[in-house]
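As provided, data-v2.cif (mmCIF, C-alpha atoms and all ligand atoms) reads as follows.
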```cif
data_final
#
loop_
_atom_site.label_atom_id
_atom_site.label_comp_id
_atom_site.auth_asym_id
_atom_site.auth_seq_id
_atom_site.Cartn_x
_atom_site.Cartn_y
_atom_site.Cartn_z
CA MET A 842 106.78 158.21 25.87
CA LYS A 843 108.46 156.08 28.51
CA ILE A 844 109.50 157.56 31.82
CA SER A 845 111.91 155.82 34.12
CA VAL A 846 110.81 156.33 37.73
CA ILE A 847 112.31 153.81 40.20
CA LYS A 848 110.56 154.78 43.40
CA ASN A 849 109.54 152.83 46.45
CA ILE A 850 105.74 152.89 46.43
CA LEU A 851 105.59 153.14 50.21
CA GLU A 852 108.18 155.91 50.27
CA ALA A 853 105.72 158.45 51.71
CA ASN A 854 104.95 156.22 54.68
CA ASP A 855 108.57 155.18 55.14
CA ARG A 856 109.56 158.83 55.33
CA ILE A 857 106.98 159.64 58.01
CA ALA A 858 107.94 156.51 59.94
CA GLN A 859 111.55 157.66 59.82
CA GLU A 860 110.55 161.09 61.13
CA ASN A 861 108.66 159.41 63.98
CA ARG A 862 111.71 157.31 64.67
CA THR A 863 113.90 160.38 64.93
CA ILE A 864 111.57 161.84 67.54
CA PHE A 865 111.51 158.57 69.52
CA ASP A 866 115.31 158.43 69.37
CA GLU A 867 115.65 161.98 70.67
CA LYS A 868 113.46 161.05 73.62
CA GLY A 869 115.27 157.75 74.20
CA LEU A 870 111.93 156.01 73.90
CA MET A 871 111.69 152.35 72.93
CA VAL A 872 108.79 151.64 70.59
CA ILE A 873 107.34 148.21 69.83
CA ASN A 874 104.91 147.46 67.01
CA LEU A 875 102.80 144.57 68.36
CA MET A 876 100.96 142.51 65.75
CA SER A 877 98.84 139.37 65.55
CA SER A 878 95.62 138.07 64.06
CA PRO A 879 92.41 139.20 65.81
CA GLY A 880 92.04 137.74 69.27
CA ALA A 881 95.50 136.19 69.65
CA GLY A 882 95.87 138.08 72.93
CA LYS A 883 97.59 141.42 72.26
CA THR A 884 95.50 143.42 74.71
CA CYS A 885 95.67 140.67 77.35
CA LEU A 886 99.45 140.58 77.06
CA LEU A 887 99.61 144.36 77.40
CA GLU A 888 97.36 144.36 80.47
CA LYS A 889 99.57 141.74 82.13
CA THR A 890 102.82 143.39 81.10
CA VAL A 891 101.79 146.87 82.23
CA ASP A 892 100.66 145.45 85.54
CA ALA A 893 103.86 143.48 86.14
CA LEU A 894 106.29 146.21 85.09
CA LYS A 895 104.50 149.25 86.51
CA ASP A 896 107.28 149.90 89.01
CA ASP A 897 110.13 149.27 86.58
CA LEU A 898 109.08 150.92 83.34
CA ARG A 899 106.96 153.89 82.41
CA ILE A 900 104.80 152.46 79.62
CA GLY A 901 102.44 154.14 77.17
CA VAL A 902 100.12 152.37 74.74
CA ILE A 903 98.58 153.17 71.37
CA GLU A 904 95.60 150.96 70.54
CA GLY A 905 94.75 150.43 66.88
CA ASP A 906 91.37 149.00 65.92
CA VAL A 907 89.07 149.34 62.94
CA GLN A 908 86.47 150.65 65.35
CA SER A 909 85.55 150.76 69.07
CA SER A 910 87.59 151.95 72.04
CA GLN A 911 87.20 148.83 74.16
CA ASP A 912 90.89 147.92 74.10
CA ALA A 913 91.97 151.41 75.17
CA GLU A 914 89.42 151.33 77.99
CA ARG A 915 90.88 148.01 79.20
CA ILE A 916 94.40 149.47 79.23
CA ALA A 917 93.28 152.78 80.80
CA LYS A 918 92.16 150.85 83.88
CA SER A 919 95.79 150.36 84.81
CA GLY A 920 96.26 154.12 84.91
CA ILE A 921 98.87 154.48 82.17
CA PRO A 922 98.62 156.87 79.20
CA VAL A 923 96.77 155.27 76.29
CA VAL A 924 95.42 156.58 72.98
CA GLN A 925 92.95 154.74 70.79
CA ILE A 926 93.17 155.01 67.00
CA ASN A 927 90.14 153.91 64.99
CA THR A 928 91.26 153.30 61.43
CA GLY A 929 87.69 153.36 60.09
CA GLY A 930 88.30 150.37 57.86
CA ALA A 931 92.04 150.33 57.19
CA CYS A 932 93.57 147.00 58.15
CA HIS A 933 96.79 148.45 59.55
CA LEU A 934 98.25 151.49 61.30
CA ASP A 935 100.63 153.75 59.38
CA GLY A 936 103.19 156.39 60.23
CA ASN A 937 100.72 159.25 59.89
CA MET A 938 98.21 157.80 62.34
CA ILE A 939 100.96 157.32 64.92
CA ARG A 940 102.22 160.87 64.45
CA ASP A 941 98.74 162.19 65.17
CA THR A 942 98.89 160.72 68.68
CA PHE A 943 102.09 162.54 69.68
CA GLN A 944 100.29 165.55 71.14
CA GLU A 945 98.48 163.22 73.55
CA PHE A 946 101.69 161.89 75.14
CA ASN A 947 104.49 163.31 77.19
CA PHE A 948 107.35 161.23 75.80
CA ASP A 949 109.76 162.57 78.42
CA ALA A 950 107.75 160.70 81.02
CA LEU A 951 107.87 157.35 79.17
CA ASP A 952 110.42 154.56 78.71
CA LEU A 953 108.42 152.30 76.45
CA LEU A 954 105.61 152.87 73.95
CA VAL A 955 103.75 149.83 72.68
CA VAL A 956 101.65 150.15 69.54
CA GLU A 957 98.96 147.46 69.40
CA ASN A 958 98.31 147.17 65.68
CA VAL A 959 95.00 146.18 64.06
CA GLY A 960 94.39 142.44 64.36
CA ASN A 961 95.66 141.05 61.06
CA LEU A 962 98.54 138.73 60.10
CA VAL A 963 99.12 140.28 56.69
CA CYS A 964 98.93 144.02 56.24
CA PRO A 965 100.55 145.57 59.34
CA ALA A 966 103.88 143.93 58.47
CA GLU A 967 104.13 146.11 55.38
CA PHE A 968 103.74 149.52 57.03
CA LYS A 969 106.41 150.90 59.34
CA VAL A 970 105.27 153.25 62.10
CA GLY A 971 108.72 154.23 63.39
CA GLU A 972 109.19 151.28 65.76
CA ASP A 973 112.46 149.90 67.13
CA PHE A 974 111.19 146.44 66.37
CA LYS A 975 108.11 144.40 65.59
CA ALA A 976 106.80 141.75 67.93
CA MET A 977 104.07 139.26 67.06
CA ILE A 978 101.78 136.91 68.90
CA LEU A 979 100.61 133.58 67.55
CA SER A 980 98.13 131.70 69.68
CA VAL A 981 98.17 127.91 69.61
CA THR A 982 94.50 127.84 68.58
CA GLU A 983 95.50 129.34 65.22
CA GLY A 984 97.53 126.27 64.27
CA ASP A 985 101.17 125.50 63.58
CA ASP A 986 100.98 126.13 59.83
CA LYS A 987 100.93 129.91 60.21
CA PRO A 988 104.64 130.71 59.68
CA ALA A 989 104.54 129.11 56.23
CA LYS A 990 101.32 130.94 55.34
CA TYR A 991 102.35 134.38 56.56
CA PRO A 992 106.10 134.50 55.96
CA LEU A 993 106.39 138.28 55.80
CA MET A 994 105.17 138.87 59.35
CA PHE A 995 107.40 136.12 60.75
CA HIS A 996 110.35 137.48 58.77
CA GLU A 997 109.85 141.04 59.97
CA SER A 998 109.25 140.32 63.66
CA LYS A 999 112.12 140.21 66.11
CA VAL A 1000 110.03 138.51 68.78
CA LEU A 1001 107.39 135.78 68.62
CA LEU A 1002 105.14 135.18 71.61
CA ILE A 1003 103.37 131.84 71.37
CA ASN A 1004 100.26 132.44 73.47
CA LYS A 1005 97.44 130.39 75.00
CA ILE A 1006 99.69 127.42 75.80
CA ASP A 1007 97.16 126.53 78.51
CA LEU A 1008 94.97 125.35 75.62
CA LEU A 1009 97.56 122.96 74.15
CA PRO A 1010 95.79 119.84 75.51
CA TYR A 1011 92.68 120.76 73.51
CA VAL A 1012 94.16 121.64 70.12
CA ASP A 1013 96.26 119.88 67.51
CA CYS A 1014 99.15 122.25 67.46
CA SER A 1015 102.82 121.48 67.81
CA ILE A 1016 104.95 124.15 69.47
CA GLU A 1017 107.99 122.39 68.05
CA LYS A 1018 106.66 122.83 64.54
CA ILE A 1019 105.91 126.52 65.11
CA ARG A 1020 109.45 127.03 66.41
CA GLU A 1021 111.02 125.12 63.54
CA GLU A 1022 109.03 126.85 60.81
CA ALA A 1023 109.48 130.29 62.33
CA LEU A 1024 113.25 129.82 62.67
CA LYS A 1025 113.43 128.72 59.05
CA ILE A 1026 111.99 132.08 57.97
CA ASN A 1027 113.73 134.11 60.66
CA PRO A 1028 116.77 132.34 62.16
CA HIS A 1029 117.28 135.04 64.79
CA MET A 1030 113.72 135.14 66.08
CA ILE A 1031 113.41 135.36 69.87
CA MET A 1032 110.55 133.20 71.16
CA PHE A 1033 108.51 132.99 74.33
CA GLU A 1034 105.87 130.38 75.13
CA ILE A 1035 103.25 132.03 77.30
CA SER A 1036 99.76 131.89 78.68
CA CYS A 1037 98.15 135.22 79.49
CA LYS A 1038 95.52 133.23 81.35
CA THR A 1039 97.71 131.22 83.76
CA GLY A 1040 100.72 133.53 83.63
CA GLU A 1041 103.00 130.68 82.58
CA GLY A 1042 106.13 131.84 80.76
CA LEU A 1043 105.41 135.54 81.29
CA GLU A 1044 108.29 136.09 83.74
CA ALA A 1045 110.84 135.38 81.02
CA TRP A 1046 109.14 137.88 78.72
CA TYR A 1047 109.02 140.57 81.41
CA ALA A 1048 112.71 140.10 82.20
CA TRP A 1049 113.69 140.27 78.54
CA LEU A 1050 111.54 143.34 77.87
CA LYS A 1051 112.89 145.14 80.92
CA GLN A 1052 116.47 144.40 79.92
CA GLU A 1053 115.86 145.39 76.29
CA THR A 1054 114.21 148.70 77.23
CA LYS A 1055 116.93 149.58 79.73
CA SER A 1056 119.74 148.90 77.28
CA ARG A 1057 117.89 150.87 74.63
CA ARG A 1058 117.62 153.84 76.95
CA SER A 1059 121.27 153.81 77.89
CA ALA A 1060 122.32 153.50 74.23
CA MET B 1274 89.10 119.60 43.27
CA VAL B 1275 87.76 123.07 42.71
CA ILE B 1276 89.28 126.06 44.40
CA LEU B 1277 87.32 129.27 44.39
CA PHE B 1278 89.34 132.38 45.07
CA TRP B 1279 87.30 134.96 46.88
CA LYS B 1280 88.77 138.38 47.13
CA VAL B 1281 88.14 139.14 50.76
CA ARG B 1282 87.29 142.76 51.30
CA ARG B 1283 89.57 143.09 54.31
CA LEU B 1284 92.57 142.14 52.21
CA PHE B 1285 91.59 144.72 49.66
CA MET B 1286 92.17 147.50 52.14
CA HIS B 1287 95.84 146.65 52.13
CA GLU B 1288 96.25 146.82 48.38
CA MET B 1289 94.01 149.88 48.38
CA SER B 1290 96.46 151.90 50.45
CA ILE B 1291 99.26 150.69 48.23
CA ALA B 1292 97.31 151.66 45.10
CA GLN B 1293 96.65 155.05 46.68
CA ASN B 1294 100.38 155.64 47.23
CA LEU B 1295 101.12 154.46 43.71
CA ILE B 1296 98.56 156.82 42.21
CA GLU B 1297 100.09 159.78 44.09
CA ILE B 1298 103.54 158.99 42.71
CA ILE B 1299 102.24 158.56 39.15
CA LYS B 1300 100.23 161.77 39.39
CA ASP B 1301 103.35 163.74 40.39
CA GLU B 1302 105.39 162.23 37.57
CA MET B 1303 102.66 162.96 35.02
CA ILE B 1304 102.54 166.60 36.05
CA ARG B 1305 106.33 166.83 35.91
CA HIS B 1306 106.38 165.43 32.39
CA ASP B 1307 103.26 167.25 31.28
CA ALA B 1308 101.62 163.93 30.35
CA LYS B 1309 97.97 163.69 29.34
CA ALA B 1310 97.26 160.00 29.77
CA LEU B 1311 98.83 156.95 31.37
CA LYS B 1312 99.20 153.87 29.20
CA SER B 1313 100.99 151.53 31.56
CA ALA B 1314 103.16 151.32 34.64
CA LEU B 1315 105.76 148.69 35.43
CA LEU B 1316 106.01 147.60 39.07
CA HIS B 1317 108.48 145.39 40.86
CA VAL B 1318 106.80 143.41 43.63
CA GLY B 1319 109.06 141.25 45.77
CA GLN B 1320 108.14 137.68 46.58
CA LEU B 1321 108.46 138.56 50.27
CA THR B 1322 105.70 141.13 50.38
CA ALA B 1323 102.10 140.53 51.29
CA ILE B 1324 100.79 141.87 47.97
CA VAL B 1325 98.28 139.96 45.87
CA PRO B 1326 98.95 141.29 42.33
CA GLU B 1327 95.36 140.74 41.15
CA SER B 1328 94.02 142.71 44.11
CA LEU B 1329 96.44 145.54 43.46
CA SER B 1330 95.43 145.70 39.78
CA PHE B 1331 91.78 145.63 40.75
CA CYS B 1332 92.16 148.44 43.28
CA PHE B 1333 94.16 150.50 40.82
CA GLU B 1334 91.51 150.02 38.14
CA VAL B 1335 88.66 151.04 40.44
CA MET B 1336 90.48 153.98 41.95
CA THR B 1337 91.63 155.45 38.63
CA SER B 1338 88.36 155.23 36.74
CA GLY B 1339 87.37 158.65 35.44
CA THR B 1340 90.92 160.02 35.78
CA GLU B 1341 93.80 160.50 33.36
CA MET B 1342 95.02 157.06 34.45
CA GLU B 1343 91.83 155.24 33.49
CA GLY B 1344 92.41 152.06 31.52
CA ALA B 1345 96.16 152.00 32.13
CA GLU B 1346 97.75 148.61 32.49
CA LEU B 1347 99.70 147.68 35.59
CA ILE B 1348 102.53 145.37 34.59
CA ILE B 1349 103.56 143.58 37.77
CA GLU B 1350 106.86 141.77 37.76
CA ILE B 1351 107.41 139.45 40.71
CA ILE B 1352 110.97 139.67 42.00
CA PRO B 1353 112.26 136.39 43.43
CA LEU B 1354 113.64 136.30 46.94
CA LYS B 1355 117.43 136.36 46.92
CA ALA B 1356 119.89 136.42 49.77
CA MET B 1357 123.61 136.65 50.36
CA CYS B 1358 125.48 134.57 52.90
CA ARG B 1359 127.69 136.66 55.17
CA GLU B 1360 129.72 133.55 55.95
CA CYS B 1361 130.72 132.33 52.47
CA GLU B 1362 129.56 135.42 50.54
CA LYS B 1363 127.60 133.42 47.96
CA THR B 1364 124.29 134.69 46.62
CA PHE B 1365 121.34 132.33 46.21
CA GLU B 1366 117.60 132.19 45.64
CA VAL B 1367 115.69 131.53 48.85
CA GLN B 1368 113.48 128.45 48.46
CA ASP B 1369 110.33 128.03 50.55
CA TYR B 1370 111.29 131.03 52.67
CA ALA B 1371 114.11 129.04 54.25
CA PHE B 1372 116.69 131.62 55.27
CA GLU B 1373 119.68 129.31 55.33
CA CYS B 1374 122.69 129.23 53.03
CA PRO B 1375 122.44 126.17 50.75
CA TYR B 1376 126.25 126.18 50.36
CA CYS B 1377 127.55 126.35 53.92
CA GLY B 1378 124.42 126.08 56.08
CA SER B 1379 124.93 129.43 57.78
CA SER B 1380 121.86 131.39 58.81
CA ASP B 1381 123.77 134.65 58.93
CA ILE B 1382 122.32 135.85 55.65
CA GLU B 1383 121.13 139.10 54.21
CA THR B 1384 118.13 139.57 51.94
CA VAL B 1385 119.32 141.29 48.75
CA ALA B 1386 116.18 141.10 46.57
CA GLY B 1387 112.53 140.15 46.85
CA GLN B 1388 111.32 142.76 49.32
CA ASP B 1389 110.78 145.36 46.62
CA LEU B 1390 107.61 147.29 46.21
CA SER B 1391 108.48 149.86 43.61
CA ILE B 1392 107.41 151.57 40.44
CA VAL B 1393 110.12 151.28 37.81
CA GLU B 1394 108.78 152.75 34.61
CA MET B 1395 105.65 154.28 33.17
CA GLU B 1396 104.43 154.89 29.64
CA VAL B 1397 102.44 158.06 29.03
CA ASN B 1398 100.97 160.07 26.22
N1 LIG C 1401 92.74 130.40 77.28
C1 LIG C 1401 93.38 131.53 77.03
N2 LIG C 1401 92.70 132.60 76.54
C2 LIG C 1401 93.37 133.74 76.30
C3 LIG C 1401 94.76 133.86 76.53
N3 LIG C 1401 95.15 135.10 76.16
C4 LIG C 1401 94.06 135.74 75.73
N4 LIG C 1401 92.97 134.92 75.81
C5 LIG C 1401 91.58 135.26 75.44
O1 LIG C 1401 91.55 135.55 74.05
C6 LIG C 1401 90.58 136.54 73.77
C7 LIG C 1401 91.17 137.68 72.96
O2 LIG C 1401 92.16 138.36 73.71
P1 LIG C 1401 92.58 139.85 73.40
O3 LIG C 1401 93.71 140.20 74.29
O4 LIG C 1401 91.40 140.75 73.40
O5 LIG C 1401 93.10 139.68 71.90
P2 LIG C 1401 93.61 140.82 70.89
O6 LIG C 1401 94.73 140.22 70.12
O7 LIG C 1401 93.89 142.07 71.62
O8 LIG C 1401 92.35 141.00 69.93
P3 LIG C 1401 92.03 142.20 68.89
O9 LIG C 1401 92.51 143.47 69.50
O10 LIG C 1401 90.57 142.14 68.72
O11 LIG C 1401 92.76 141.85 67.63
C8 LIG C 1401 90.03 137.00 75.12
O12 LIG C 1401 88.81 136.35 75.34
C9 LIG C 1401 91.09 136.51 76.10
O13 LIG C 1401 90.55 136.25 77.36
C10 LIG C 1401 95.47 132.71 77.03
O14 LIG C 1401 96.69 132.70 77.26
N5 LIG C 1401 94.72 131.57 77.25
MG MG C 1402 93.21 144.03 71.28
ZN ZN C 1403 127.17 130.33 53.05
#
```
Mind turning this structure into structure tokens?
Amino acid sequence: MKISVIKNILEANDRIAQENRTIFDEKGLMVINLMSSPGAGKTCLLEKTVDALKDDLRIGVIEGDVQSSQDAERIAKSGIPVVQINTGGACHLDGNMIRDTFQEFNFDALDLLVVENVGNLVCPAEFKVGEDFKAMILSVTEGDDKPAKYPLMFHESKVLLINKIDLLPYVDCSIEKIREEALKINPHMIMFEISCKTGEGLEAWYAWLKQETKSRRSA
Amino acid sequence: MVILFWKVRRLFMHEMSIAQNLIEIIKDEMIRHDAKALKSALLHVGQLTAIVPESLSFCFEVMTSGTEMEGAELIIEIIPLKAMCRECEKTFEVQDYAFECPYCGSSDIETVAGQDLSIVEMEVN
């Protein structure tokens, strides 16, 4: 016997992500799903951003890692609310894991919640958590062929932060090529060239993020 | 040149959660239709997903062994990436992930197919 089904396989997660989204919307909270391969600089960027925008935005962070709480400890030093999720092997965060953190936050006291996803250029792009948008980091040490190799993540992300530009003199990586290839996959992608080490380019990112969060909150 | 394809365990985790979701959906449908065994399931997997079909089949096989789904075949149909231009309203197949209209050059385009990840049909006994 044949049964016609026609169901989205990730429907269960999509539904929970949508429920999360409804809660974020009610609270006027902007939520960013931050993704990259391991070590591209997600936690460094968050440390810098939290530090620079402390007086402008009330930021909370969810740290996702397979194991260890080192990233959350780094963020906690800046005194903002942070929750660590250990996925115990899963290569991505999902809607359920994010929902489990809600009791740890007071969303009324936050403007922006950043979810640092598990370091991975493939899987996190497939699972919504209820975010307003996805942002990704690509560091120049990873090479300029990455957009073509990981099209889904580049297609799904609204923002691309090209990090570690202080290392450009030491690696064969063309920023122009990254920009070109990324725009091919995602013509509306917003890009920043930054160094979390020297601070170069970060001002533009801070200004954009501040503006984006404010307009989200007044929407 | 020889290319050896290793199935990296980390990638498996991804297809494992997808297989898990799939199994839940099939289980529900089997109960609803009072089915005893699963023979096959037809999936639509879009070209713009991060799914490796072989990994998904492998995960499904491992995770269903010893259940009423054991031995069932996953038929995975890859759905090509298609988009529609909002400028000239033509529909086209996206080549090499280049999101640009081949007719008028506009990049104001909308993906209309190729992001699917769905179960379409199943055959049961
Ligand atoms: N030279 C240089 N190093 C950087 C820069 N940004 C980050 N790093 C270094 O890159 C390493 C990884 O940075 P993290 O911020 O921990 O990276 P991550 O993406 O959070 O890593 P995971 O959470 O493990 O996936 C650290 O040793 C940083 O000091 C940069 O702009 N330039
Ligand atoms: Mg980190
Ligand atoms: Zn056109």
Using all atoms listed in the file, I'd like every residue of chain A that has an atom within 12 Å of chain B; please write them out as a PyMOL selection string.
chain A and resi 842-855+907+928-935+959-968+988-997+1021-1030
List every residue of chain A that has an atom at most 6 Å from any atom of ligand LIG 1401 (chain C), and for each one report the closest atom pair and its distance in Å to one decimal, counting only C-alpha atoms and all ligand atoms, with rows sorted by chain and then by increasing residue number, as CSV.
```
residue,atom,partner,partner_atom,distance
A:Ser878,CA,C:LIG1401,O11,5.9
A:Pro879,CA,C:LIG1401,O11,3.2
A:Gly880,CA,C:LIG1401,O8,3.3
A:Ala881,CA,C:LIG1401,O6,4.1
A:Gly882,CA,C:LIG1401,O3,3.3
A:Lys883,CA,C:LIG1401,O6,3.8
A:Thr884,CA,C:LIG1401,O3,3.7
A:Cys885,CA,C:LIG1401,O3,3.7
A:Gly960,CA,C:LIG1401,O11,3.7
A:Asn1004,CA,C:LIG1401,O14,5.2
A:Lys1005,CA,C:LIG1401,O14,3.3
A:Asp1007,CA,C:LIG1401,N5,5.7
A:Leu1008,CA,C:LIG1401,N1,5.8
A:Ser1036,CA,C:LIG1401,O14,3.5
A:Cys1037,CA,C:LIG1401,O14,3.7
A:Lys1038,CA,C:LIG1401,O14,4.3
```
Around ligand ZN 1403 (chain C), out to 7 Å and counting all atoms listed in the file, which residues are there? I want them as a compact mmCIF listing (two decimals) with C-alpha atoms, in the coordinates of the input.
```
# COMPACT_ATOMS: atom_id res chain seq x y z
CA CYS B 1358 125.48 134.57 52.90
CA ARG B 1359 127.69 136.66 55.17
CA GLU B 1360 129.72 133.55 55.95
CA CYS B 1361 130.72 132.33 52.47
CA GLU B 1362 129.56 135.42 50.54
CA LYS B 1363 127.60 133.42 47.96
CA CYS B 1374 122.69 129.23 53.03
CA PRO B 1375 122.44 126.17 50.75
CA TYR B 1376 126.25 126.18 50.36
CA CYS B 1377 127.55 126.35 53.92
CA GLY B 1378 124.42 126.08 56.08
CA SER B 1379 124.93 129.43 57.78
```
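Interatomic distance, CA of Asp866 in chain A against CA of Thr942 in chain A: 16.6 Å.
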Extending 5 Å beyond the listed atoms of range 1377-1381 of chain B on each side, what axis-aligned box results? I want centre and edge lengths in Å to one decimal, as AutoDock Vina command-line options.
```
--center_x 124.7 --center_y 130.4 --center_z 56.4 --size_x 15.7 --size_y 18.6 --size_z 15.0
```
Atomic distance CA of Leu1354 in chain B - CA of Ser1330 in chain B, expressed in Å with one decimal:
21.7 Å
Can you tell me, as a list in words, what residues are no more than 7 Å from Asn927 in chain A when counting only C-alpha atoms, ignoring any on the same chain fewer than 4 positions away?
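Counting only C-alpha atoms, the residues come to Gly905, Asp906, Val907, Gln908 and Ser909 of chain A.
Closest to ligand MG 1402 (chain C) among A:Glu904, A:Glu1053, A:Asp897, A:Glu860 is A:Glu904, based on all atoms listed in the file.
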Which residue of A:Gly936, A:Ala1045, A:Gln925, A:Arg1058 approaches ligand MG 1402 (chain C) most closely, using all atoms listed in the file:
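For ligand MG 1402 (chain C), the nearest of the given residues is A:Gln925.
Interatomic distance, CA of Phe1333 in chain B to CA of Asp1301 in chain B: 16.1 Å.
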Pick from A:Lys889, A:Arg915, A:Arg856, A:Arg899 nearest to ligand MG 1402 (chain C), counting all atoms listed in the file:
A:Arg915
